[in-house]
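> Provided below: coords.cif, containing mmCIF, C-alpha atoms and all ligand atoms.
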data_data
loop_
_atom_site.label_atom_id
_atom_site.label_comp_id
_atom_site.auth_asym_id
_atom_site.auth_seq_id
_atom_site.Cartn_x
_atom_site.Cartn_y
_atom_site.Cartn_z
CA MET J 1 0.00 0.00 0.00
CA ILE J 2 1.13 3.55 -0.70
CA LYS J 3 2.47 5.32 2.35
CA ILE J 4 2.42 9.09 2.79
CA PHE J 5 4.58 10.66 5.48
CA GLY J 6 3.16 14.04 6.39
CA SER J 7 0.06 15.64 7.83
CA LYS J 8 -3.53 16.46 6.91
CA LEU J 9 -2.76 20.02 5.86
CA GLY J 10 -0.14 22.00 3.94
CA SER J 11 1.65 20.42 1.00
CA THR J 12 0.69 16.86 2.07
CA LEU J 13 -2.96 17.73 1.44
CA ARG J 14 -2.20 17.75 -2.31
CA ASN J 15 -1.40 14.03 -2.15
CA ASN J 16 -4.06 12.91 0.32
CA TRP J 17 -6.70 14.78 -1.70
CA LEU J 18 -5.64 13.20 -5.02
CA LEU J 19 -5.41 9.69 -3.53
CA ASN J 20 -8.95 10.06 -2.18
CA GLU J 21 -10.17 11.49 -5.49
CA LEU J 22 -8.84 8.40 -7.28
CA GLU J 23 -10.07 6.11 -4.49
CA VAL J 24 -6.58 4.72 -3.95
CA PRO J 25 -6.10 3.35 -0.42
CA TYR J 26 -3.09 4.78 1.40
CA GLU J 27 -1.57 4.91 4.83
CA LEU J 28 -0.87 8.32 6.34
CA ASN J 29 2.13 8.28 8.68
CA PRO J 30 1.92 11.51 10.71
CA ILE J 31 5.11 13.55 11.00
CA ASN J 32 4.83 16.12 13.77
CA LEU J 33 6.67 19.28 12.71
CA LYS J 34 6.26 20.97 16.10
CA GLU J 35 8.10 18.05 17.68
CA ARG J 36 10.67 18.28 14.88
CA GLU J 37 10.09 14.69 13.77
CA ASN J 38 11.07 15.91 10.29
CA ARG J 39 14.61 16.55 11.60
CA LYS J 40 15.11 13.07 13.06
CA SER J 41 17.71 10.93 11.30
CA GLU J 42 15.13 8.30 10.37
CA PHE J 43 13.05 10.86 8.49
CA LEU J 44 16.09 12.58 6.95
CA LYS J 45 16.96 9.26 5.31
CA LEU J 46 13.65 9.57 3.39
CA ASN J 47 14.00 13.28 2.67
CA PRO J 48 17.34 14.94 3.43
CA THR J 49 15.58 18.31 2.96
CA GLY J 50 13.58 17.52 6.11
CA GLN J 51 10.23 18.39 4.57
CA ILE J 52 6.88 16.66 4.28
CA PRO J 53 5.28 15.08 2.29
CA VAL J 54 7.17 11.94 1.32
CA LEU J 55 5.60 9.10 -0.67
CA MET J 56 6.75 5.51 -0.32
CA ASP J 57 5.49 2.89 -2.77
CA GLY J 58 7.37 -0.33 -2.11
CA ASP J 59 11.04 0.60 -2.47
CA PHE J 60 10.25 3.79 -4.34
CA VAL J 61 10.57 6.99 -2.32
CA LEU J 62 9.55 10.38 -3.70
CA THR J 63 9.42 13.92 -2.33
CA GLU J 64 7.84 17.18 -3.59
CA SER J 65 4.05 17.17 -3.43
CA MET J 66 3.47 18.04 -7.09
CA ALA J 67 5.92 15.39 -8.33
CA ILE J 68 4.16 12.93 -6.03
CA ASN J 69 0.82 13.88 -7.62
CA GLU J 70 2.32 13.31 -11.07
CA TYR J 71 3.36 9.81 -9.96
CA ILE J 72 -0.04 9.02 -8.42
CA GLY J 73 -1.83 10.30 -11.53
CA MET J 74 0.43 8.40 -13.95
CA LYS J 75 0.04 5.21 -11.97
CA PHE J 76 -3.70 5.22 -11.28
CA LYS J 77 -5.55 7.58 -13.66
CA PRO J 78 -3.49 9.55 -16.19
CA GLU J 79 -6.53 11.59 -17.38
CA ILE J 80 -6.57 13.40 -14.02
CA LEU J 81 -3.30 15.04 -15.14
CA GLY J 82 -5.01 16.45 -18.27
CA ASP J 83 -6.27 14.44 -21.23
CA THR J 84 -4.09 15.95 -23.99
CA PRO J 85 -0.43 17.03 -24.06
CA ALA J 86 -1.60 20.65 -24.06
CA LYS J 87 -3.90 20.11 -21.06
CA LYS J 88 -1.15 18.27 -19.16
CA ALA J 89 1.25 21.14 -19.80
CA GLU J 90 -1.37 23.66 -18.75
CA ALA J 91 -1.97 21.71 -15.54
CA TRP J 92 1.75 22.00 -14.77
CA LYS J 93 1.80 25.64 -15.77
CA TRP J 94 -0.97 26.60 -13.31
CA SER J 95 0.39 24.37 -10.54
CA LEU J 96 3.84 25.98 -10.81
CA TRP J 97 2.42 29.44 -11.39
CA ALA J 98 0.43 29.32 -8.15
CA TYR J 99 3.26 27.76 -6.16
CA LEU J 100 5.87 30.25 -7.36
CA ASN J 101 3.78 33.41 -7.36
CA LEU J 102 1.13 33.01 -4.67
CA GLN J 103 2.46 30.62 -2.08
CA ARG J 104 5.44 32.65 -0.87
CA TYR J 105 3.21 35.70 -0.27
CA PHE J 106 0.55 33.60 1.47
CA GLU J 107 3.32 32.20 3.66
CA GLU J 108 4.09 35.67 5.02
CA GLY J 109 0.59 35.81 6.58
CA LEU J 110 0.68 32.16 7.61
CA TYR J 111 4.10 32.30 9.30
CA GLN J 112 3.30 35.56 11.09
CA ALA J 113 -0.04 34.12 12.27
CA LEU J 114 1.68 30.99 13.59
CA GLY J 115 4.50 32.97 15.21
CA ILE J 116 7.15 31.39 12.97
CA ARG J 117 8.02 34.89 11.70
CA GLU J 118 7.96 38.06 13.78
CA LYS J 119 4.95 40.36 13.33
CA ASN J 120 5.77 42.83 10.58
CA ASP J 121 2.95 44.94 9.12
CA GLU J 122 5.11 46.30 6.32
CA ASN J 123 5.89 42.77 5.06
CA LEU J 124 2.20 41.89 5.29
CA LYS J 125 1.32 44.98 3.23
CA VAL J 126 3.87 44.13 0.54
CA ALA J 127 2.65 40.51 0.44
CA LYS J 128 -0.96 41.67 0.09
CA GLU J 129 -0.08 44.01 -2.79
CA LYS J 130 1.73 41.22 -4.61
CA LEU J 131 -1.11 38.77 -3.95
CA GLU J 132 -3.62 41.20 -5.42
CA VAL J 133 -1.70 41.32 -8.70
CA TYR J 134 -1.58 37.52 -9.01
CA LEU J 135 -5.11 36.90 -7.72
CA ASP J 136 -6.48 39.23 -10.41
CA ILE J 137 -4.78 37.01 -12.99
CA LEU J 138 -6.31 33.84 -11.51
CA GLU J 139 -9.72 35.50 -11.26
CA ASN J 140 -9.64 36.56 -14.93
CA HIS J 141 -8.52 33.07 -15.94
CA LEU J 142 -11.38 31.38 -14.08
CA ILE J 143 -14.16 33.58 -15.47
CA GLY J 144 -16.41 31.41 -17.65
CA LYS J 145 -14.76 28.18 -16.47
CA LYS J 146 -15.83 25.58 -13.94
CA PHE J 147 -12.31 24.34 -13.21
CA ILE J 148 -8.76 25.55 -13.90
CA LEU J 149 -8.53 23.66 -17.21
CA GLY J 150 -12.16 24.22 -18.23
CA ASP J 151 -14.98 21.77 -17.62
CA LYS J 152 -12.96 18.89 -16.11
CA PHE J 153 -11.60 18.60 -12.59
CA THR J 154 -7.86 17.86 -12.78
CA VAL J 155 -4.73 17.77 -10.66
CA ALA J 156 -4.34 21.49 -11.37
CA ASP J 157 -7.42 22.19 -9.23
CA ILE J 158 -5.86 20.21 -6.38
CA ASN J 159 -2.38 21.72 -6.67
CA VAL J 160 -3.62 25.30 -7.03
CA GLY J 161 -6.47 24.69 -4.56
CA VAL J 162 -4.03 23.71 -1.83
CA THR J 163 -1.94 26.82 -2.46
CA MET J 164 -5.18 28.84 -2.19
CA SER J 165 -6.01 27.14 1.12
CA TYR J 166 -3.23 29.28 2.66
CA ALA J 167 -5.27 32.39 1.78
CA LYS J 168 -7.19 32.31 5.04
CA TYR J 169 -4.16 33.75 6.83
CA SER J 170 -3.96 36.80 4.54
CA GLU J 171 -6.67 39.42 4.91
CA LEU J 172 -7.96 39.40 1.35
CA ASP J 173 -10.91 41.32 0.01
CA TRP J 174 -12.76 38.31 -1.40
CA ALA J 175 -15.39 40.58 -2.99
CA LYS J 176 -12.75 41.29 -5.65
CA TYR J 177 -12.43 37.58 -6.49
CA PRO J 178 -15.97 36.17 -6.71
CA THR J 179 -15.16 33.60 -9.41
CA THR J 180 -12.12 32.33 -7.52
CA ALA J 181 -14.19 32.11 -4.32
CA LYS J 182 -16.89 30.11 -6.16
CA TRP J 183 -14.30 27.75 -7.69
CA LEU J 184 -12.61 27.22 -4.30
CA GLU J 185 -15.96 26.49 -2.67
CA LEU J 186 -16.80 24.00 -5.44
CA ILE J 187 -13.53 22.06 -5.28
CA THR J 188 -13.29 22.01 -1.49
CA SER J 189 -16.82 20.61 -1.21
CA ARG J 190 -15.72 17.42 -3.01
CA PRO J 191 -15.88 14.31 -0.80
CA SER J 192 -12.20 13.62 -1.62
CA TYR J 193 -11.14 16.94 -0.07
CA LEU J 194 -13.44 16.61 2.94
CA LYS J 195 -12.16 13.10 3.61
CA ALA J 196 -8.53 14.28 3.37
CA VAL J 197 -8.94 17.09 5.89
CA ARG J 198 -11.25 15.27 8.29
CA GLU J 199 -10.09 11.68 8.55
N1 LIG T 201 8.03 22.06 -2.26
C1 LIG T 201 7.70 21.16 -1.18
C2 LIG T 201 7.41 21.99 0.05
C3 LIG T 201 7.20 21.13 1.25
C4 LIG T 201 7.06 21.96 2.50
O1 LIG T 201 7.25 23.19 2.53
N2 LIG T 201 6.70 21.27 3.58
C5 LIG T 201 6.56 21.91 4.84
C6 LIG T 201 5.20 21.60 5.45
S1 LIG T 201 3.87 22.15 4.44
C7 LIG T 201 7.61 21.38 5.79
O2 LIG T 201 7.91 20.21 5.78
N3 LIG T 201 8.19 22.26 6.62
C8 LIG T 201 9.14 21.90 7.59
C9 LIG T 201 10.51 22.43 7.31
O3 LIG T 201 10.74 22.98 6.23
O4 LIG T 201 11.34 22.33 8.22
C10 LIG T 201 6.49 20.31 -1.57
O5 LIG T 201 5.61 20.80 -2.29
O6 LIG T 201 6.44 19.14 -1.19
#
Once you've parsed the file, please lay out its structure as structure tokens.


Amino acid sequence: MIKIFGSKLGSTLRNNWLLNELEVPYELNPINLKERENRKSEFLKLNPTGQIPVLMDGDFVLTESMAINEYIGMKFKPEILGDTPAKKAEAWKWSLWAYLNLQRYFEEGLYQALGIREKNDENLKVAKEKLEVYLDILENHLIGKKFILGDKFTVADINVGVTMSYAKYSELDWAKYPTTAKWLELITSRPSYLKAVRE
């Protein structure tokens, strides 16, 4: 059985959500970051970077949540990755776009809220300004579409959706992003998401 080392939230959620979506049984091995289990030598053998998630499938060990989703998709249901070369590439494009442009600014709010970074209003302001630029782009992209790639739910919705789940720590004016809010509500009401965050 596939093993995931990680948690129910953060980057690991990408993998737990996709595994549930594809109805693939898996075993979640909790790694407690507060207790620094990710820095123990046993875990560092799996991922020398000391980060979760890690996938283990037999002897095969893989890190990086989006690479793990590529593996899960390829192995169990390749269409979830996009059903044409263009759609697959677009799925990667949006997954990387969100991770590289949105996530680091969401992390400012998240880390300050959790006390990992010191309170700094100026940094929060800068992060919010940057987020507004990128969220406008996502909003315009989603207008007239049900999902990121159009009418089909794909791995891009999961990868980008998890990045967007960090938004709750940044004080955003959601009235500016009604289509994004509707899309997020739609994808996070899927049983696969609810199972991943609850169980
Ligand atoms: N790019 C990595 C990021 C993984 C990551 O940032 N994991 C966080 C939890 S969400 C972590 O393990 N943090 C602990 C640390 O960096 O010490 C991925 O997508 O898998």

> So that I can check the surroundings of Ala181 in chain J, please list as a compact mmCIF listing (two decimals) with C-alpha atoms, keeping the file's coordinate frame every protein, DNA and RNA residue that reaches within 12 Å of it, counting only C-alpha atoms and ignoring chain neighbours fewer than 4 positions away.


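The resulting file, selection.txt, is reproduced below:
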# COMPACT_ATOMS: atom_id res chain seq x y z
CA LEU J 135 -5.11 36.90 -7.72
CA LEU J 138 -6.31 33.84 -11.51
CA GLU J 139 -9.72 35.50 -11.26
CA LEU J 142 -11.38 31.38 -14.08
CA ILE J 143 -14.16 33.58 -15.47
CA LYS J 146 -15.83 25.58 -13.94
CA PHE J 147 -12.31 24.34 -13.21
CA GLY J 161 -6.47 24.69 -4.56
CA MET J 164 -5.18 28.84 -2.19
CA SER J 165 -6.01 27.14 1.12
CA ALA J 167 -5.27 32.39 1.78
CA LYS J 168 -7.19 32.31 5.04
CA LEU J 172 -7.96 39.40 1.35
CA ASP J 173 -10.91 41.32 0.01
CA TRP J 174 -12.76 38.31 -1.40
CA ALA J 175 -15.39 40.58 -2.99
CA LYS J 176 -12.75 41.29 -5.65
CA TYR J 177 -12.43 37.58 -6.49
CA GLU J 185 -15.96 26.49 -2.67
CA LEU J 186 -16.80 24.00 -5.44
CA ILE J 187 -13.53 22.06 -5.28
CA THR J 188 -13.29 22.01 -1.49

> As a quick test: using only C-alpha atoms and all ligand atoms, which residues lie no more than 8 Å away from ligand LIG 201 (chain T)? Give them as a list in words.

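My answer, listing the contacting residues, is Gly6, Leu9, Gly10, Ser11, Thr12, Leu33, Arg36, Asn38, Arg39, Thr49, Gly50, Gln51, Ile52, Pro53, Val54, Thr63, Glu64, Ser65 and Met66 of chain J.
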
> With all atoms listed in the file as the basis for distance, which of J:Ile137, J:Leu124, J:Ala86, J:Leu184 is at the shortest distance from Glu171 in chain J?

J:Leu124

> For the atom pair CA of Glu35 in chain J and CA of Leu62 in chain J, what is the interatomic distance in Å to one decimal place?

22.8 Å

> Report, in Å to a single decimal, how far apart CA of Lys93 in chain J and CA of Lys195 in chain J are.

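Between CA of Lys195 in chain J and CA of Lys93 in chain J the gap works out to 27.0 Å.
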
> Name all residues at most 12 Å from Asp59 in chain J (count all atoms listed in the file; drop same-chain ones fewer than 3 positions away) and give them as a list in words.

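Selected residues are Met1, Ile2, Lys3, Leu46, Leu55, Met56 and Leu62 of chain J.
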
> Using all atoms listed in the file, which residue out of J:Glu27, J:Glu132, J:Asp151, J:Glu70 lies closest to Arg14 in chain J?

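When distances to Arg14 in chain J are compared using all atoms listed in the file, the smallest one comes from J:Glu70.
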